[in-house]
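Peer 1: What follows is a structure written as structure tokens; I'll ask about it next.
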Amino acid sequence: MGATEHTITKDDLYLLAKGDWNRSWEKMGAHKATVDGQDGYTFAVWAPGARKVTVIGEFNEWNTEADPLTETPNGGVWQGFVPGAAEGQLYKFYILCDDGSEQYKADPYAFWSECPPGTASRLADLSGHVWKDGLWMGRRGRTDHFKRPLNIYEVHLGSWKRHDDGLDGLGTGEGGGSYLTYDELSEELVSYVADMGYTHIELMPVMEHPFDGSWGYQTTGYYAPTARYGDPCAFMNFVDKCHQANIGVILDWVPGGFCRDIQGLVHFNGHKLYEKEEHPNWGTYKFDYARGEVRTFLTSNALFWLEAYHADGIRMDGVTSMLYLNFGVDDPSQKKFNEKGTEEDLVAIDFVRHVNETVGKYHPDAMMMAEESTAWPLVTRPAEVGGLGFHYKWDMGWMNDTLNYCKTDFPYRPGNHNLLTFSMMYAYSENYVLPLSHDEVVHGKASLIQRQPGDWWRQFAGLRNLAFYQMTHPGAKLNFMGNEIAQFIEWRYYEGIQWFLTDEYDTHRKFQHFVRELNRFFRDNKGLWQHNYDESGFEWIDADNSEQSIVSYVRHGDRPVDDRVVVINFDPATHEEFRLGVPREGNYVEVFNTDAVEFGGSGVINEGTLVSTPTATDRCEDSIVLRVPPLAGVVLKRTGKSSYVAPKPKAAPKKAAPKKAAPAKKAAAAAKDEAPAAAPAKKAPAKKAPARKAPAKAAAEKPVAPKPAAKAAAPKAEAAKKAEPAASVAEARVKKAAASAAKAAPAAKKAPAKKTTAKKPSKRSTKR
């Protein structure tokens, strides 16, 4: 054929074999072209060792002799031009193998595929879509995604929602409803996700796959969005609409293996070419990462989705199965070891690092995520320090521990309290995503709400608590579709989510409203995400209250004003006066409560201002008293300095001025004058002095205006000491007067009045 921009060069072949032809999709596969004035398509396919390769399709009536391809001098690539081939036509490669066998293969680099159960590739031109997401892409390039909220809605496009027509997905028979198209999803799904307050959509594999039940994880067309929902430009439009609605798009990607369907990559030239060996668990084939052409195919594929479809991130599926040579191998006699004598797959590890480094080179603002379920170290650290180079890792440990705790019945939760708190022991060892994904609501595991113990009310309250705990815990968030409406059944890939629940049941509708408000609260409160991946963003208040099943902590933002105090009660008990330590003195207000009536809760909320006092609690110098609702979480915000006013210091009694002898004599004389009236009392007035000291004791606690009678009768020790001679004389005179007046009974009725007056201060003292 004549030379075109799609002609394979020697440099291309060199990079292909080396594994560094990072934009191989620009020439491999099928591309619209004009040669010698004729419009058609160029074709290129890697099939080393084949005797003959031709292109067959609708343009030549599937004739295996009509359009042969020419093999390059080296490298095993076959290429050619077919005039008259047009967009939308089906095609395959016919390969005559070296052993005489024949293969009819779909194009590994095809941009579009025949809708299953068809197996052919389809000619496509990706230049037809005009992108309108410039603002989003520009902002993405200027923004550090680690410093932005990341709240992901995981979606399976074929079962998020379906038409209510009683047909199967493709509309060819009875089933759970026909599929929504990419164009319909760009309106309905995008508007729903925006309204619910999620920041990103993560799509389970949209790459072409033959079997619906694989959910997309057994791929045949790595470069083709599945034709179930429309053509490639329609999928571009879907991503474009997401970006215009300020929603990012993350794609699940499966480089760990491919399906064994004969039209796919398996035994592509009659022998193992793309594959190394069969996966022991899944019946798929592992890629041969040692071959440069395979590395080129996969690395280019990751870049292709980021560039051609403006994807914002790639979530690499099954990373654990790639890292270990013996993943899924239980028989010790079948185990393999590397040259170091260990079980790590060094070739696969090098490939993973290569992909992440290459993506970082071409698209530094894109996110790379790992589904890795072991304690493999440094998954989210750069390759130069021994890491794998991902940005994020799914925290499967948090997911397992948290769900095991939540399904524990309430009396036994104190014994499992560590399941709630252990995650903070390693929370910052990686950049984690907290996943409540599709894998947790299938295969008999039960839906999230079905795992909650108790009656109907407690199940919904427990599910609110789970969502709240996830949202306030450090790390990015991911929830699978259906979680947000508390669907009781497990996920079914062959029908839509049970949206009727929110129409017919108040509890489900209120729960959906709760999730919407929680998502928005997370987005609007910077303290919940600005330091999601470094330890400065979290501080325990009390991690050890297992007896009451309560945890409390602080989430810190860049500024103290963004800090939020979080309290979560995982028990049905309500605490009306719960003292909680706070990190700073101040006035606090409740800004979110999962027990609010509008969410389906019981309405145990905190109104008004919670004023801190200098009462040490939870290792904090200051504390507040609040209501802690049952099976619920509360977020508090500091609004300013504490309005608490400390009580005035205890006032010391005023010292009485020393009295001279003359006044003492006057007092004695006065006593003598009163003696006839006091004589009827059986006890001498002098013995009433101890009772009269009570007002002095009361004054030490709070100043009290003394009564005139007590004022003269309660001299200080110092004054009494100086007046001792005069007092002795007065006392002698009083005794003498009392003795002579003992016979004067008529005055006795006045004594009770004096006794009552003397005891009042004593009663007040006792009360105080």
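As shown in the structure tokens, the chain order sets the letters A, B, ...; within each chain, residues go from 1, and ligands are also counted from 1 in the order they appear.
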I'd like the neighbourhood of range 462-465 of chain A as JSON, numbers by chain, where a residue qualifies if any of its atoms comes within 8 Å (using only C-alpha atoms), though same-chain residues fewer than 2 positions away should be ignored.
Peer 2: {"A": [406, 448, 449, 452, 453, 458, 459, 460, 467, 468, 469, 486, 511, 514, 568, 570, 594, 631, 632, 633]}
Peer 1: Those same residues - N, CA and C atoms - I'd like them written as a CSV table (one decimal), in the first residue's frame.
Peer 2:
chain,number,residue,atom,x,y,z
A,406,CYS,N,-20.2,-4.2,62.1
A,406,CYS,CA,-21.6,-3.7,62.0
A,406,CYS,C,-22.6,-4.9,62.0
A,448,LEU,N,-26.0,-4.3,52.4
A,448,LEU,CA,-25.5,-3.7,53.6
A,448,LEU,C,-26.5,-3.5,54.7
A,449,ILE,N,-27.8,-3.3,54.3
A,449,ILE,CA,-28.8,-3.1,55.4
A,449,ILE,C,-29.2,-4.4,56.0
A,452,GLN,N,-27.2,-5.4,59.1
A,452,GLN,CA,-27.4,-4.6,60.4
A,452,GLN,C,-28.3,-5.4,61.3
A,453,PRO,N,-27.9,-5.6,62.6
A,453,PRO,CA,-28.8,-6.3,63.5
A,453,PRO,C,-30.0,-5.4,64.0
A,458,ARG,N,-33.7,-0.1,63.8
A,458,ARG,CA,-32.3,-0.2,64.1
A,458,ARG,C,-31.5,-0.5,62.9
A,459,GLN,N,-32.0,-1.2,61.9
A,459,GLN,CA,-31.3,-1.5,60.7
A,459,GLN,C,-31.0,-0.3,59.9
A,460,PHE,N,-32.0,0.6,59.8
A,460,PHE,CA,-31.8,1.8,59.0
A,460,PHE,C,-30.8,2.7,59.8
A,467,ALA,N,-22.6,4.6,57.0
A,467,ALA,CA,-22.3,5.6,56.0
A,467,ALA,C,-21.6,6.8,56.6
A,468,PHE,N,-22.0,7.2,57.8
A,468,PHE,CA,-21.5,8.3,58.5
A,468,PHE,C,-20.0,8.1,58.9
A,469,TYR,N,-19.8,6.9,59.4
A,469,TYR,CA,-18.5,6.5,59.9
A,469,TYR,C,-17.5,6.5,58.7
A,486,ALA,N,-30.7,1.9,50.4
A,486,ALA,CA,-30.8,0.8,51.4
A,486,ALA,C,-31.6,-0.4,50.8
A,511,PHE,N,-33.8,7.6,53.8
A,511,PHE,CA,-32.4,7.2,53.8
A,511,PHE,C,-31.7,7.8,52.6
A,514,PHE,N,-30.9,11.2,53.4
A,514,PHE,CA,-29.8,11.3,54.3
A,514,PHE,C,-28.4,11.2,53.6
A,568,ILE,N,-19.7,9.1,67.5
A,568,ILE,CA,-20.5,8.1,66.9
A,568,ILE,C,-20.9,7.1,68.0
A,570,PHE,N,-22.5,3.5,68.5
A,570,PHE,CA,-22.8,2.3,67.8
A,570,PHE,C,-23.7,1.4,68.7
A,594,THR,N,-27.1,12.3,62.4
A,594,THR,CA,-27.7,11.2,61.7
A,594,THR,C,-29.1,10.8,62.3
A,631,LEU,N,-27.6,4.9,68.2
A,631,LEU,CA,-27.2,4.4,66.9
A,631,LEU,C,-27.0,5.6,65.9
A,632,ALA,N,-26.2,6.5,66.3
A,632,ALA,CA,-26.2,7.7,65.4
A,632,ALA,C,-24.8,8.4,65.6
A,633,GLY,N,-24.5,9.4,64.7
A,633,GLY,CA,-23.3,10.1,64.8
A,633,GLY,C,-23.7,11.6,64.7
Peer 1: Can you list every residue of range 475-518 of chain A that has an atom at most 12 Å from range 394-403 of chain A, with its nearest atom pair and the distance in Å to one decimal, using only C-alpha atoms, ordered by chain then number, as CSV?
Peer 2:
residue,atom,partner,partner_atom,distance
A:Gly475,CA,A:Asp395,CA,8.8
A:Ala476,CA,A:Trp394,CA,9.1
A:Lys477,CA,A:Trp394,CA,9.6
A:Leu478,CA,A:Trp394,CA,9.2
A:Asn479,CA,A:Met399,CA,11.3
Peer 1: Please extract the residues of range 173-365 of chain A with a backbone DSSP assignment of strand (DSSP E or B) and present them as a PyMOL selection string.
Peer 2: chain A and resi 174+176+179+200-203+207-208+221-225+248-253+258+275-278+285-287+313-316+324+344
Peer 1: Which residues are close to Ser101 in chain A, i.e. within 9 Å by only C-alpha atoms, leaving aside same-chain residues fewer than 5 positions away? Reply as a list in words.
Peer 2: Ile95, Leu96 and Gly270 of chain A
Peer 1: What is the CA of Thr613 in chain A-CA of Phe521 in chain A distance in Å, reported with one decimal?
Peer 2: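 CA of Phe521 in chain A lies 28.0 Å from CA of Thr613 in chain A.
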Peer 1: What are the closest atom pairs, with distances in Å to one decimal, for each residue of range 547-609 of chain A lying within 7 Å of range 524-535 of chain A, using only C-alpha atoms, rows by chain and rising residue number, as JSON lines?
Peer 2:
{"residue": "A:Arg555", "atom": "CA", "partner": "A:Gly527", "partner_atom": "CA", "distance": 5.5}
{"residue": "A:His556", "atom": "CA", "partner": "A:Gly527", "partner_atom": "CA", "distance": 4.9}
{"residue": "A:Gly557", "atom": "CA", "partner": "A:Gly527", "partner_atom": "CA", "distance": 3.8}
{"residue": "A:Asp558", "atom": "CA", "partner": "A:Gln530", "partner_atom": "CA", "distance": 6.7}
{"residue": "A:Asp562", "atom": "CA", "partner": "A:Gly527", "partner_atom": "CA", "distance": 5.0}
{"residue": "A:Asp563", "atom": "CA", "partner": "A:Gly527", "partner_atom": "CA", "distance": 5.2}
{"residue": "A:Arg564", "atom": "CA", "partner": "A:Gly527", "partner_atom": "CA", "distance": 6.4}
Peer 1: How many Å lie between CA of Leu150 in chain A and CA of Phe500 in chain A, rounded to one decimal?
Peer 2: 28.6 Å
Peer 1: Step one, run DSSP on the backbone; step two, keep only residues of range 153-253 of chain A assigned to helix (DSSP H, G or I); then write them as number ranges by chain.
Peer 2: A: 182-196, 212-214, 232-244
Peer 1: When you look at range 343-355 of chain A with a cut-off of 9 Å (counting only C-alpha atoms), what residues show up, excluding the ones that are within fewer than 3 positions of it in the same chain? I need them as number ranges by chain.
Peer 2: A: 288-290, 295, 298-300, 302-303, 319, 322-326, 335-338, 340, 358-360, 382-383, 387-390
Peer 1: To one decimal in Å, tell me the separation between CA of Gly640 in chain A and CA of Thr472 in chain A.
Peer 2: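 CA of Thr472 in chain A lies at a distance of 22.5 Å from CA of Gly640 in chain A.
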Peer 1: Could you give me, as a PyMOL selection string, the residues within 9 Å of Gly141 in chain A, counting only C-alpha atoms and dropping anything in the same chain fewer than 5 positions from it?
Peer 2: chain A and resi 136+363-366
Peer 1: Taking into account only C-alpha atoms, which residue in the set A:Val433, A:Met367, A:Ala311, A:Leu90 is nearest to Ile152 in chain A?
Peer 2: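 Checking each candidate against Ile152 in chain A, we get A:Val433 as the closest.
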Peer 1: Can you work out which one of A:Pro435, A:Pro205, A:Gly221, A:Gly128 has the shortest atom-to-atom distance to Met236 in chain A, counting only C-alpha atoms?
Peer 2: A:Gly128
Peer 1: Looking at A:Asp503, A:Glu585, A:Glu188, A:Glu430, which one is nearest to Lys161 in chain A, with distances taken over only C-alpha atoms?
Peer 2: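 The closest residue to Lys161 in chain A is A:Glu188.
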Peer 1: Of the candidates A:Gly248, A:Gly138, A:Pro255, A:Gly341, which one gets nearest to Gly318 in chain A if we count only C-alpha atoms?
Peer 2: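 Residue with the minimum atom-to-atom distance to Gly318 in chain A: A:Pro255.
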Peer 1: Near Glu484 in chain A, counting only C-alpha atoms, which residues have an atom at most 12 Å away, once you skip same-chain residues fewer than 4 positions from it, shown as a PyMOL selection string?
Peer 2: chain A and resi 153-154+192-193+196-198+436-437+447-449+460+463-464+466-467+478-480+488+497-499+501-502+507-519
Peer 1: Taking only C-alpha atoms into account, which of A:Asn151, A:Thr374, A:Thr639, A:Asn237 comes nearest Ser186 in chain A?
Peer 2: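 Ranked by minimum distance to Ser186 in chain A, first place goes to A:Asn237.
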Peer 1: Compile the contact shell of Pro583 in chain A as a PyMOL selection string: residues with an atom at most 8 Å away, counting only C-alpha atoms, same-chain residues fewer than 4 positions apart removed.
Peer 2: chain A and resi 541+554+620-622
Peer 1: Keeping only N, CA and C atoms, write the selected residues as a short mmCIF file (atom, residue, chain, number, x, y, z; two decimals), in the first residue's frame.
Peer 2:
data_model
loop_
_atom_site.label_atom_id
_atom_site.label_comp_id
_atom_site.auth_asym_id
_atom_site.auth_seq_id
_atom_site.Cartn_x
_atom_site.Cartn_y
_atom_site.Cartn_z
N ILE A 541 -10.21 11.58 70.16
CA ILE A 541 -10.64 12.11 71.46
C ILE A 541 -10.75 10.94 72.43
N VAL A 554 -11.41 14.03 66.12
CA VAL A 554 -11.41 15.34 65.47
C VAL A 554 -10.85 15.17 64.06
N CYS A 620 -8.36 15.86 77.49
CA CYS A 620 -8.50 17.24 77.01
C CYS A 620 -8.70 18.16 78.21
N GLU A 621 -8.19 19.37 78.14
CA GLU A 621 -8.33 20.30 79.25
C GLU A 621 -9.75 20.83 79.38
N ASP A 622 -10.47 20.85 78.25
CA ASP A 622 -11.82 21.38 78.26
C ASP A 622 -12.81 20.33 77.77
#
Peer 1: Select, from A:Thr220, A:Ser333, A:Gln548, A:Ser429, the residue with the minimum atom-to-atom distance to Arg413 in chain A, counting only C-alpha atoms.
Peer 2: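 The answer is A:Gln548, which sits nearest to Arg413 in chain A.
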